[in-house]
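Shown here: target_20.cif, mmCIF, C-alpha atoms and all ligand atoms.
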```cif
data_work
#
loop_
_atom_site.label_atom_id
_atom_site.label_comp_id
_atom_site.auth_asym_id
_atom_site.auth_seq_id
_atom_site.Cartn_x
_atom_site.Cartn_y
_atom_site.Cartn_z
CA MET A 1 82.56 21.67 2.47
CA ALA A 2 84.55 21.50 -0.71
CA PRO A 3 82.45 22.12 -3.78
CA GLN A 4 81.94 19.15 -6.05
CA GLY A 5 82.31 21.65 -8.83
CA MET A 6 83.56 20.44 -12.12
CA THR A 7 85.15 23.72 -13.05
CA ILE A 8 88.49 22.49 -14.26
CA ALA A 9 91.54 24.26 -12.88
CA VAL A 10 94.85 22.62 -13.55
CA THR A 11 98.00 23.88 -11.88
CA SER A 12 100.54 23.14 -14.57
CA PRO A 13 102.35 26.23 -15.85
CA VAL A 14 101.23 27.60 -19.16
CA ASP A 15 103.85 28.72 -21.58
CA SER A 16 103.78 29.54 -25.23
CA GLN A 17 105.15 26.12 -26.09
CA SER A 18 101.99 24.51 -24.78
CA ARG A 19 100.09 26.23 -27.58
CA THR A 20 99.88 24.28 -30.75
CA ASP A 21 98.81 25.19 -34.22
CA ARG A 22 97.14 21.93 -34.97
CA GLN A 23 93.86 22.28 -36.69
CA TRP A 24 91.37 20.67 -34.36
CA ALA A 25 90.34 21.92 -30.95
CA VAL A 26 88.87 18.50 -30.19
CA GLU A 27 89.57 15.32 -32.10
CA THR A 28 88.27 11.89 -31.18
CA HIS A 29 88.48 8.57 -32.95
CA GLY A 30 86.46 5.51 -32.10
CA LEU A 31 85.70 6.77 -28.62
CA VAL A 32 83.69 4.32 -26.53
CA LYS A 33 82.34 4.54 -22.98
CA ARG A 34 80.15 1.79 -21.57
CA PHE A 35 78.21 1.51 -18.35
CA GLY A 36 77.61 -2.23 -18.16
CA ASN A 37 75.66 -3.09 -21.31
CA ASN A 38 74.73 0.54 -21.88
CA VAL A 39 77.00 2.13 -24.50
CA ALA A 40 76.82 5.82 -23.61
CA VAL A 41 79.48 6.87 -26.13
CA ASN A 42 79.57 4.59 -29.15
CA GLY A 43 82.56 4.91 -31.47
CA VAL A 44 82.40 8.70 -31.57
CA GLU A 45 84.47 10.40 -34.29
CA LEU A 46 84.51 14.10 -33.58
CA LEU A 47 86.43 16.88 -35.30
CA VAL A 48 85.88 20.31 -33.81
CA PRO A 49 87.54 23.11 -35.80
CA ARG A 50 89.31 25.83 -33.85
CA GLY A 51 87.74 29.21 -33.37
CA CYS A 52 84.12 28.17 -33.73
CA ALA A 53 81.11 27.49 -31.53
CA PHE A 54 80.39 23.78 -31.82
CA GLY A 55 77.17 22.21 -30.62
CA TYR A 56 76.95 18.63 -29.38
CA LEU A 57 73.26 18.19 -29.83
CA GLY A 58 71.08 15.32 -28.72
CA PRO A 59 68.10 14.29 -26.63
CA ASN A 60 68.25 13.41 -22.93
CA GLY A 61 70.41 10.39 -22.29
CA ALA A 62 72.17 10.65 -25.69
CA GLY A 63 75.58 10.60 -24.00
CA LYS A 64 76.53 14.29 -24.10
CA THR A 65 77.69 14.67 -20.51
CA THR A 66 79.46 11.33 -20.65
CA LEU A 67 81.42 12.40 -23.72
CA ILE A 68 82.46 15.62 -22.00
CA ARG A 69 83.48 13.76 -18.86
CA VAL A 70 85.59 11.40 -20.95
CA LEU A 71 87.26 14.30 -22.77
CA LEU A 72 88.16 15.96 -19.49
CA GLY A 73 89.51 12.77 -17.97
CA LEU A 74 86.78 12.71 -15.31
CA THR A 75 85.96 9.19 -16.39
CA ARG A 76 87.98 6.72 -18.48
CA ALA A 77 87.19 5.75 -22.04
CA ASP A 78 86.86 2.03 -22.78
CA ALA A 79 88.30 2.45 -26.27
CA GLY A 80 89.43 5.07 -28.77
CA THR A 81 91.79 8.03 -28.90
CA MET A 82 91.29 11.72 -28.34
CA SER A 83 93.17 14.99 -28.26
CA LEU A 84 92.43 18.48 -27.00
CA LEU A 85 94.13 21.43 -28.71
CA GLY A 86 96.41 18.97 -30.46
CA HIS A 87 97.56 17.27 -27.25
CA PRO A 88 96.70 13.60 -26.88
CA VAL A 89 94.75 12.90 -23.71
CA PRO A 90 95.01 11.34 -21.22
CA GLN A 91 98.76 11.16 -22.03
CA GLN A 92 99.24 14.97 -22.03
CA ARG A 93 96.20 15.80 -19.96
CA ALA A 94 97.82 18.46 -17.76
CA VAL A 95 99.23 20.43 -20.69
CA ALA A 96 95.97 20.19 -22.62
CA LEU A 97 93.68 21.11 -19.72
CA ALA A 98 95.80 24.12 -18.78
CA ARG A 99 94.29 25.72 -21.90
CA VAL A 100 90.76 24.37 -21.36
CA GLY A 101 87.94 25.80 -19.25
CA ALA A 102 85.00 23.53 -18.60
CA ILE A 103 81.67 23.43 -16.83
CA VAL A 104 80.11 20.00 -16.46
CA ASP A 105 76.53 19.73 -15.29
CA GLU A 106 75.81 22.97 -13.48
CA PRO A 107 78.70 24.90 -11.99
CA ARG A 108 78.95 24.45 -8.24
CA PHE A 109 80.55 26.90 -5.88
CA HIS A 110 80.93 27.55 -2.15
CA GLY A 111 77.57 29.19 -1.39
CA HIS A 112 78.74 30.88 1.80
CA LEU A 113 81.54 32.71 -0.05
CA THR A 114 81.20 35.57 -2.49
CA GLY A 115 81.60 35.20 -6.21
CA ARG A 116 84.96 36.93 -6.04
CA GLN A 117 86.19 34.73 -3.17
CA ASN A 118 85.24 31.61 -5.13
CA LEU A 119 87.31 32.83 -8.06
CA GLN A 120 90.20 33.66 -5.72
CA ILE A 121 90.25 30.07 -4.49
CA LEU A 122 90.30 28.77 -8.07
CA ALA A 123 92.97 31.28 -9.11
CA ALA A 124 95.22 30.27 -6.19
CA ALA A 125 95.49 26.83 -7.77
CA ARG A 126 96.60 28.26 -11.10
CA GLU A 127 99.42 30.27 -12.65
CA ARG A 128 100.16 33.74 -11.20
CA GLU A 129 98.37 35.63 -13.99
CA ALA A 130 95.09 33.96 -13.05
CA ARG A 131 94.70 36.33 -10.08
CA ASP A 132 94.95 39.34 -12.38
CA ARG A 133 92.18 37.92 -14.52
CA ILE A 134 89.57 37.78 -11.72
CA ALA A 135 88.32 41.36 -12.04
CA PRO A 136 88.21 41.39 -15.86
CA SER A 137 86.48 37.99 -15.88
CA LEU A 138 83.80 39.19 -13.45
CA GLU A 139 83.29 42.26 -15.56
CA ARG A 140 83.23 40.21 -18.71
CA VAL A 141 80.29 38.12 -17.50
CA GLY A 142 78.51 41.16 -16.05
CA LEU A 143 78.92 40.20 -12.39
CA GLN A 144 81.21 43.01 -11.22
CA HIS A 145 78.40 44.64 -9.23
CA ARG A 146 77.43 41.39 -7.51
CA ALA A 147 80.95 40.02 -7.02
CA ASN A 148 80.88 40.69 -3.26
CA ASP A 149 77.53 38.96 -2.68
CA LYS A 150 77.42 35.39 -1.43
CA VAL A 151 76.92 32.85 -4.18
CA SER A 152 73.99 31.37 -2.22
CA LYS A 153 72.16 34.58 -3.12
CA TYR A 154 72.86 34.21 -6.84
CA SER A 155 70.21 33.25 -9.36
CA MET A 156 70.76 30.29 -11.68
CA GLY A 157 71.78 32.64 -14.49
CA MET A 158 74.34 34.36 -12.25
CA ARG A 159 75.81 31.00 -11.23
CA GLN A 160 76.14 30.04 -14.88
CA ARG A 161 77.89 33.33 -15.56
CA LEU A 162 80.18 32.83 -12.57
CA GLY A 163 80.98 29.43 -14.05
CA VAL A 164 82.08 31.10 -17.27
CA ALA A 165 84.13 33.63 -15.26
CA ALA A 166 85.79 30.70 -13.48
CA CYS A 167 86.75 29.32 -16.89
CA LEU A 168 88.08 32.68 -18.03
CA ILE A 169 90.59 33.09 -15.21
CA GLY A 170 92.59 30.40 -17.01
CA ASP A 171 92.44 32.36 -20.31
CA PRO A 172 91.29 29.19 -22.09
CA GLU A 173 91.68 28.51 -25.79
CA LEU A 174 88.87 25.97 -25.52
CA LEU A 175 85.74 26.15 -23.39
CA ILE A 176 83.62 23.05 -22.91
CA LEU A 177 80.19 23.87 -21.52
CA ASP A 178 77.68 21.17 -20.65
CA GLU A 179 74.16 22.48 -21.26
CA PRO A 180 75.03 26.14 -20.60
CA MET A 181 71.44 27.23 -21.28
CA ASN A 182 69.92 24.85 -18.72
CA GLY A 183 67.67 26.54 -16.22
CA LEU A 184 68.00 29.97 -17.83
CA ASP A 185 65.02 32.12 -18.69
CA PRO A 186 64.83 33.60 -22.22
CA ALA A 187 66.78 36.72 -21.19
CA GLY A 188 69.43 34.58 -19.50
CA MET A 189 69.71 32.42 -22.61
CA HIS A 190 70.13 35.50 -24.71
CA GLU A 191 72.96 36.75 -22.47
CA MET A 192 74.65 33.37 -22.49
CA ARG A 193 74.41 33.19 -26.25
CA ASP A 194 75.95 36.65 -26.65
CA MET A 195 78.71 35.72 -24.25
CA ILE A 196 79.52 32.53 -26.17
CA LEU A 197 79.56 34.43 -29.46
CA SER A 198 81.90 37.06 -28.01
CA LEU A 199 84.26 34.36 -26.71
CA VAL A 200 84.36 32.88 -30.20
CA ALA A 201 84.94 36.35 -31.67
CA GLU A 202 88.10 36.52 -29.54
CA GLY A 203 89.38 33.40 -31.28
CA ARG A 204 88.46 30.89 -28.58
CA THR A 205 86.66 27.65 -29.35
CA VAL A 206 83.47 26.87 -27.49
CA VAL A 207 82.05 23.34 -27.41
CA LEU A 208 78.63 23.19 -25.85
CA SER A 209 76.22 20.36 -25.35
CA SER A 210 72.53 20.94 -25.63
CA HIS A 211 69.21 19.29 -26.24
CA LEU A 212 67.83 22.63 -27.43
CA LEU A 213 67.91 22.55 -31.21
CA ASP A 214 66.94 26.15 -31.52
CA GLU A 215 69.72 27.40 -29.26
CA VAL A 216 72.36 25.37 -31.07
CA GLU A 217 71.15 26.65 -34.39
CA ARG A 218 71.35 30.22 -33.18
CA THR A 219 74.65 29.94 -31.34
CA CYS A 220 76.81 27.43 -33.15
CA ASP A 221 78.66 27.38 -36.46
CA ALA A 222 78.95 23.62 -36.55
CA VAL A 223 77.18 20.77 -34.89
CA ALA A 224 77.32 17.06 -34.19
CA ILE A 225 73.99 15.35 -33.71
CA VAL A 226 74.14 12.50 -31.26
CA ASP A 227 71.54 9.89 -30.50
CA ARG A 228 71.99 6.92 -28.16
CA GLY A 229 75.75 7.42 -28.03
CA ASN A 230 76.15 7.61 -31.82
CA VAL A 231 77.07 10.73 -33.74
CA ILE A 232 74.64 10.49 -36.62
CA ARG A 233 75.69 13.65 -38.49
CA GLN A 234 78.23 16.41 -38.08
CA GLY A 235 79.29 19.45 -40.02
CA THR A 236 78.58 23.11 -40.41
CA ILE A 237 74.95 24.02 -39.95
CA SER A 238 74.74 25.32 -43.50
CA ASP A 239 76.16 22.04 -44.87
CA LEU A 240 73.75 19.99 -42.81
CA LEU A 241 70.83 22.07 -43.94
CA ALA A 242 72.00 21.69 -47.54
CA GLY A 243 71.28 17.97 -47.10
CA ALA A 244 67.72 18.68 -46.04
CA SER A 245 64.86 18.67 -48.48
CA VAL A 246 64.26 22.04 -50.11
CA GLU A 247 60.88 23.68 -49.74
CA LEU A 248 59.68 26.26 -52.20
CA GLN A 249 56.75 28.60 -52.19
CA ILE A 250 55.61 29.41 -55.69
CA ASP A 251 53.14 32.12 -56.55
CA CYS A 252 52.09 31.57 -60.15
CA SER A 253 49.16 31.64 -62.56
CA GLU A 254 47.17 28.41 -63.04
CA PRO A 255 48.32 26.71 -59.84
CA ASP A 256 46.45 23.47 -60.53
CA ARG A 257 48.06 23.07 -63.95
CA ALA A 258 51.44 24.00 -62.43
CA LYS A 259 51.02 21.30 -59.78
CA GLY A 260 50.25 18.63 -62.36
CA LEU A 261 53.13 19.74 -64.53
CA LEU A 262 55.74 19.73 -61.75
CA GLU A 263 54.57 16.38 -60.40
CA SER A 264 55.01 14.81 -63.81
CA THR A 265 58.66 15.89 -64.17
CA LYS A 266 61.74 14.04 -62.99
CA ILE A 267 62.38 16.65 -60.30
CA GLY A 268 60.29 14.49 -57.97
CA ALA A 269 58.57 17.35 -56.20
CA SER A 270 55.56 16.80 -53.99
CA ILE A 271 53.21 19.72 -54.32
CA GLU A 272 50.30 21.14 -52.39
CA VAL A 273 48.16 24.02 -53.47
CA GLY A 274 47.96 26.40 -50.54
CA PRO A 275 46.50 29.84 -49.90
CA ARG A 276 49.72 31.56 -50.96
CA GLY A 277 50.28 29.51 -54.08
CA LEU A 278 52.10 26.21 -54.41
CA ASP A 279 54.07 24.64 -51.61
CA ALA A 280 56.64 22.40 -53.29
CA LYS A 281 58.84 19.97 -51.44
CA LEU A 282 61.86 18.84 -53.42
CA PRO A 283 63.54 15.58 -52.46
CA LEU A 284 66.47 15.30 -50.04
CA GLY A 285 69.81 16.12 -51.58
CA THR A 286 68.27 18.41 -54.20
CA GLY A 287 70.65 21.15 -55.26
CA ARG A 288 69.93 24.74 -56.20
CA GLU A 289 69.78 23.83 -59.90
CA ALA A 290 66.49 22.04 -59.22
CA ILE A 291 65.00 25.35 -58.15
CA ALA A 292 65.99 26.90 -61.47
CA GLU A 293 64.55 23.84 -63.24
CA VAL A 294 61.19 24.33 -61.51
CA ASN A 295 61.10 27.90 -62.75
CA ARG A 296 62.09 26.86 -66.28
CA GLN A 297 59.42 24.15 -66.51
CA LEU A 298 56.69 26.56 -65.46
CA VAL A 299 57.74 29.39 -67.72
CA GLU A 300 58.21 27.11 -70.74
CA ALA A 301 54.66 25.81 -70.21
CA GLY A 302 53.37 29.38 -70.41
CA ILE A 303 52.71 29.73 -66.68
CA SER A 304 53.56 33.11 -65.18
CA VAL A 305 55.78 32.92 -62.10
CA TYR A 306 55.22 35.91 -59.82
CA ARG A 307 57.32 34.74 -56.90
CA LEU A 308 59.49 31.70 -56.18
CA GLN A 309 60.95 31.54 -52.71
CA GLU A 310 63.05 28.95 -50.94
CA VAL A 311 61.79 28.32 -47.41
CA GLN A 312 64.75 27.92 -45.09
CA ALA A 313 64.51 24.59 -43.32
CA SER A 314 65.30 24.93 -39.65
CA LEU A 315 67.78 22.62 -38.00
CA GLU A 316 64.87 21.33 -36.00
CA SER A 317 62.94 20.08 -39.01
CA TRP A 318 66.18 18.69 -40.41
CA PHE A 319 66.88 16.93 -37.10
CA LEU A 320 63.41 15.41 -37.12
CA GLN A 321 63.86 14.26 -40.72
CA VAL A 322 67.17 12.57 -39.91
CA THR A 323 66.04 10.92 -36.72
CA SER A 324 62.76 9.72 -38.23
CA ARG A 325 64.69 8.16 -41.12
CA LEU A 326 66.75 6.34 -38.55
CA GLY A 327 63.72 4.95 -36.82
CA GLY A 328 62.64 7.78 -34.56
CA ALA A 329 64.14 9.99 -31.91
CA GLU A 330 63.22 9.60 -28.28
N1 LIG B 1 77.74 7.08 -13.86
C1 LIG B 1 76.89 6.39 -14.63
N2 LIG B 1 76.59 5.10 -14.37
C2 LIG B 1 75.76 4.39 -15.16
N3 LIG B 1 75.16 4.89 -16.26
C3 LIG B 1 75.40 6.16 -16.58
C4 LIG B 1 76.27 6.98 -15.79
N4 LIG B 1 76.35 8.20 -16.37
C5 LIG B 1 75.55 8.15 -17.46
N5 LIG B 1 75.00 6.94 -17.60
C6 LIG B 1 74.09 6.51 -18.69
O1 LIG B 1 74.70 6.85 -19.91
C7 LIG B 1 73.74 7.35 -20.85
C8 LIG B 1 74.15 8.74 -21.28
O2 LIG B 1 74.02 9.62 -20.18
P1 LIG B 1 74.47 11.15 -20.24
O3 LIG B 1 74.28 11.72 -18.90
O4 LIG B 1 75.81 11.21 -20.85
O5 LIG B 1 73.42 11.73 -21.28
P2 LIG B 1 73.14 13.25 -21.67
O6 LIG B 1 73.09 13.30 -23.15
O7 LIG B 1 74.09 14.14 -20.97
O8 LIG B 1 71.66 13.47 -21.12
P3 LIG B 1 70.95 14.79 -20.51
O9 LIG B 1 70.46 15.58 -21.71
O10 LIG B 1 69.81 14.23 -19.73
O11 LIG B 1 71.96 15.52 -19.68
C9 LIG B 1 72.41 7.28 -20.13
O12 LIG B 1 71.77 6.09 -20.53
C10 LIG B 1 72.77 7.25 -18.67
O13 LIG B 1 71.81 6.56 -17.93
MG MG B 2 73.85 15.73 -19.66
#
```
Let me see the structure of the file written as structure tokens.
Amino acid sequence: MAPQGMTIAVTSPVDSQSRTDRQWAVETHGLVKRFGNNVAVNGVELLVPRGCAFGYLGPNGAGKTTLIRVLLGLTRADAGTMSLLGHPVPQQRAVALARVGAIVDEPRFHGHLTGRQNLQILAAAREREARDRIAPSLERVGLQHRANDKVSKYSMGMRQRLGVAACLIGDPELLILDEPMNGLDPAGMHEMRDMILSLVAEGRTVVLSSHLLDEVERTCDAVAIVDRGNVIRQGTISDLLAGASVELQIDCSEPDRAKGLLESTKIGASIEVGPRGLDAKLPLGTGREAIAEVNRQLVEAGISVYRLQEVQASLESWFLQVTSRLGGAE
């Protein structure tokens, strides 16, 4: 039986001319995909810089897999334009996909064949150099010692790694991985994360979809947050977090007077007196200057400040803030 695998292997020859220096690894404008009345991808504008790990983050049913399937030409968009590595698709799909490795849903292979044999079949459909990349790719994903075992004997984590090896035999500039952490235990997630980071360190771009906020935060440089087909925010993680409310812990003398003082200023902080001093929440969009202003107000009022620390908001709390402002995530 032929695998229904979505590991993309395109036979068009790769030459240096197919490389392009355009800025974006993935660019979409007004991309729409409907299933009847259900708009799975709703006017998506996506700009994925080259050479980064980019997370497409959203809850179940947000339209992540659908977007990836549209990008890869596995299903047709109803509206909009897109390009991969600077090549418009679907017009130049073969040229673009020759430099793209992708895993959609979970990678599927011939279970009765070995890992190596599966890669040999995929390499046979590609340029000559692909065969030479089988051994290094297996080694790269840590499967060299299990390469001659049947895939039916592989664990989920090993299948995921074989999926990445299958991508690597095409020496891709762009990898698109749909939920690469799915089904992996914590150690497997850790390995996958390291592998993604090392692929990015080589100058490749990795786009991954995930509903795991924590994993995206740890793995990706930039992120698009998608909910019900709509990208509601995108940017670097540090920029997105800069738009979150700032939380401060303040250890000072006279905490009750400090609380009253800070609440009466135009900073707009909401303050609680906790066991470790004051917990101050500054409003959304507050810049670093507001932190200095908090310190100034206290000191000028004769309150001693022993410690003033910014609490790093996690992407998760930011995500919850954004989605609750928009009426609640699923
Ligand atoms: N082939 C299809 N036919 C009809 N509806 C579909 C089809 N594929 C997806 N959908 C619908 O499109 C929406 C988005 O689905 P999609 O699989 O893209 O979400 P997802 O973000 O990948 O979710 P998950 O996290 O569960 O993988 C859902 O409402 C889903 O029911
Ligand atoms: Mg999905």
Any idea what's packed within 10 Å of Ser198 in chain A, counting all atoms listed in the file, ignoring anything in its chain fewer than 6 positions away? Could you give it as a list in words?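 Near Ser198 in chain A, the qualifying residues are Arg140, Met192 and Arg204 of chain A.
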List the spatial neighbours of Ala166 in chain A as a PyMOL selection string - criterion: any atom at most 8 Å away, all atoms listed in the file, same-chain residues fewer than 2 positions off excluded. chain A and resi 7+101+119+122+137+162-164+168-170
Would you compute, for all listed atoms of range 153-159 of chain A, the axis-aligned bounding box grown by 8 Å on each side, and then report its centre and edge lengths in Å rounded to one decimal, as JSON?
```
{"center_x": 73.0, "center_y": 32.4, "center_z": -8.8, "size_x": 21.6, "size_y": 20.3, "size_z": 27.4}
```
Find the residue from A:Met158, A:Leu199, A:Ala292, A:Ala269 that sits nearest to Met181 in chain A; use all atoms listed in the file when measuring.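 Using all atoms listed in the file, Met181 in chain A sits closest to A:Met158.
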Computed interatomic separation between CA of Ile103 in chain A and CA of Ala125 in chain A (Å):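 One can read the CA of Ile103 in chain A to CA of Ala125 in chain A distance as 16.9 Å.
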As a list of chain:residue names, please: every protein or nucleic acid residue near ligand MG 2 (chain B) (cut-off 7 Å, counting only C-alpha atoms and all ligand atoms).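 With only C-alpha atoms and all ligand atoms and a cut-off of 7 Å, ligand MG 2 (chain B) is contacted by A:Asn60, A:Gly61, A:Gly63, A:Lys64, A:Thr65, A:Asp105, A:Asp178, A:Glu179.
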Kindly provide, as an mmCIF file with C-alpha atoms, in the frame of the given file, all nucleotide and amino acid residues lying within 10 Å of ligand LIG 1 (chain B), counting all atoms listed in the file.
```
data_model
loop_
_atom_site.group_PDB
_atom_site.id
_atom_site.type_symbol
_atom_site.label_atom_id
_atom_site.label_comp_id
_atom_site.auth_asym_id
_atom_site.auth_seq_id
_atom_site.Cartn_x
_atom_site.Cartn_y
_atom_site.Cartn_z
ATOM 1 C CA LYS A 33 82.340 4.540 -22.980
ATOM 2 C CA ARG A 34 80.150 1.790 -21.570
ATOM 3 C CA PHE A 35 78.210 1.510 -18.350
ATOM 4 C CA GLY A 36 77.610 -2.230 -18.160
ATOM 5 C CA ASN A 37 75.660 -3.090 -21.310
ATOM 6 C CA ASN A 38 74.730 0.540 -21.880
ATOM 7 C CA VAL A 39 77.000 2.130 -24.500
ATOM 8 C CA ALA A 40 76.820 5.820 -23.610
ATOM 9 C CA VAL A 41 79.480 6.870 -26.130
ATOM 10 C CA TYR A 56 76.950 18.630 -29.380
ATOM 11 C CA LEU A 57 73.260 18.190 -29.830
ATOM 12 C CA GLY A 58 71.080 15.320 -28.720
ATOM 13 C CA PRO A 59 68.100 14.290 -26.630
ATOM 14 C CA ASN A 60 68.250 13.410 -22.930
ATOM 15 C CA GLY A 61 70.410 10.390 -22.290
ATOM 16 C CA ALA A 62 72.170 10.650 -25.690
ATOM 17 C CA GLY A 63 75.580 10.600 -24.000
ATOM 18 C CA LYS A 64 76.530 14.290 -24.100
ATOM 19 C CA THR A 65 77.690 14.670 -20.510
ATOM 20 C CA THR A 66 79.460 11.330 -20.650
ATOM 21 C CA LEU A 67 81.420 12.400 -23.720
ATOM 22 C CA ILE A 68 82.460 15.620 -22.000
ATOM 23 C CA ARG A 69 83.480 13.760 -18.860
ATOM 24 C CA VAL A 70 85.590 11.400 -20.950
ATOM 25 C CA THR A 75 85.960 9.190 -16.390
ATOM 26 C CA VAL A 104 80.110 20.000 -16.460
ATOM 27 C CA ASP A 105 76.530 19.730 -15.290
ATOM 28 C CA ASP A 178 77.680 21.170 -20.650
ATOM 29 C CA GLU A 179 74.160 22.480 -21.260
ATOM 30 C CA ASN A 182 69.920 24.850 -18.720
ATOM 31 C CA SER A 209 76.220 20.360 -25.350
ATOM 32 C CA SER A 210 72.530 20.940 -25.630
ATOM 33 C CA HIS A 211 69.210 19.290 -26.240
ATOM 34 C CA LEU A 212 67.830 22.630 -27.430
ATOM 35 C CA VAL A 226 74.140 12.500 -31.260
ATOM 36 C CA ASP A 227 71.540 9.890 -30.500
ATOM 37 C CA ARG A 228 71.990 6.920 -28.160
ATOM 38 C CA GLY A 229 75.750 7.420 -28.030
#
```
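Atom to atom, CA of Leu71 in chain A and CA of Pro107 in chain A stand 17.4 Å apart.
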Mind giving me the straight-line distance from CA of Asp171 in chain A to CA of Glu127 in chain A in Å, one decimal?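 Separating CA of Asp171 in chain A from CA of Glu127 in chain A is a distance of 10.6 Å.
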Would you mind listing what lies within 12 Å of Glu300 in chain A as a PyMOL selection string, with all atoms listed in the file counted and same-chain residues fewer than 6 positions away left out? chain A and resi 258+261-262+293-294
Selected residue, from A:Leu85, A:Ile271, A:Leu248, A:Ala201, that lies nearest to Arg50 in chain A when counting all atoms listed in the file: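 Checking each of A:Leu85, A:Ile271, A:Leu248, A:Ala201 against Arg50 in chain A, counting all atoms listed in the file, the winner is A:Leu85.
With distances restricted to all atoms listed in the file, A:His29 is the closest residue to Met82 in chain A from A:His112, A:His29, A:Arg161, A:Arg296.
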Nearest residue to Gly51 in chain A out of A:Asp132, A:Glu139, A:Glu106, A:Glu202, using only C-alpha atoms?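 Checking each candidate against Gly51 in chain A, we get A:Glu202 as the closest.
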Contacts of Ser253 in chain A within 10 Å, all atoms listed in the file, excl. fewer than 4 positions in-chain, as number ranges by chain: A: 257-258, 277, 298, 302-306
Output C-alpha atoms of each residue in that selection to a file, as a JSON list (two decimals), keeping the file's coordinate frame.
```json
[["chain", "number", "residue", "atom", "x", "y", "z"],
["A", 257, "ARG", "CA", 48.06, 23.07, -63.95],
["A", 258, "ALA", "CA", 51.44, 24.00, -62.43],
["A", 277, "GLY", "CA", 50.28, 29.51, -54.08],
["A", 298, "LEU", "CA", 56.69, 26.56, -65.46],
["A", 302, "GLY", "CA", 53.37, 29.38, -70.41],
["A", 303, "ILE", "CA", 52.71, 29.73, -66.68],
["A", 304, "SER", "CA", 53.56, 33.11, -65.18],
["A", 305, "VAL", "CA", 55.78, 32.92, -62.10],
["A", 306, "TYR", "CA", 55.22, 35.91, -59.82]]
```
Calculated over only C-alpha atoms, which of the candidates A:Leu278, A:Val151, A:Leu213, A:Leu184 has the smallest distance to Thr114 in chain A?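 Closest to Thr114 in chain A of all the choices is A:Val151.
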Closest to Val89 in chain A among A:Gly268, A:Gly142, A:Gly183, A:Gly73, using all atoms listed in the file?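 Using all atoms listed in the file, the shortest distance to Val89 in chain A belongs to A:Gly73.
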Mind filling out range 57-67 of chain A with N, CA, C and O atoms and sending it as a compact mmCIF listing (two decimals), keeping the file's coordinate frame?
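Result file is rebuild28.txt:
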```txt
# COMPACT_ATOMS: atom_id res chain seq x y z
N LEU A 57 74.70 18.07 -29.96
CA LEU A 57 73.26 18.19 -29.83
C LEU A 57 72.60 16.82 -29.79
O LEU A 57 72.83 15.99 -30.67
N GLY A 58 71.80 16.60 -28.77
CA GLY A 58 71.08 15.32 -28.72
C GLY A 58 70.07 15.31 -27.60
O GLY A 58 70.14 16.13 -26.68
N PRO A 59 69.14 14.36 -27.66
CA PRO A 59 68.10 14.29 -26.63
C PRO A 59 68.66 13.83 -25.28
O PRO A 59 69.82 13.41 -25.19
N ASN A 60 67.85 13.87 -24.26
CA ASN A 60 68.25 13.41 -22.93
C ASN A 60 68.77 11.99 -23.02
O ASN A 60 68.19 11.14 -23.71
N GLY A 61 69.87 11.74 -22.34
CA GLY A 61 70.41 10.39 -22.29
C GLY A 61 71.22 10.00 -23.52
O GLY A 61 71.65 8.85 -23.66
N ALA A 62 71.45 10.96 -24.44
CA ALA A 62 72.17 10.65 -25.69
C ALA A 62 73.65 10.38 -25.44
O ALA A 62 74.31 9.79 -26.29
N GLY A 63 74.17 10.83 -24.30
CA GLY A 63 75.58 10.60 -24.00
C GLY A 63 76.43 11.86 -24.08
O GLY A 63 77.65 11.78 -24.18
N LYS A 64 75.80 13.01 -23.97
CA LYS A 64 76.53 14.29 -24.10
C LYS A 64 77.45 14.52 -22.90
O LYS A 64 78.64 14.78 -23.06
N THR A 65 76.87 14.43 -21.71
CA THR A 65 77.69 14.67 -20.51
C THR A 65 78.79 13.62 -20.40
O THR A 65 79.93 13.94 -20.05
N THR A 66 78.45 12.39 -20.74
CA THR A 66 79.46 11.33 -20.65
C THR A 66 80.63 11.64 -21.59
O THR A 66 81.79 11.49 -21.20
N LEU A 67 80.32 12.07 -22.80
CA LEU A 67 81.42 12.40 -23.72
C LEU A 67 82.30 13.50 -23.12
O LEU A 67 83.53 13.41 -23.15
```
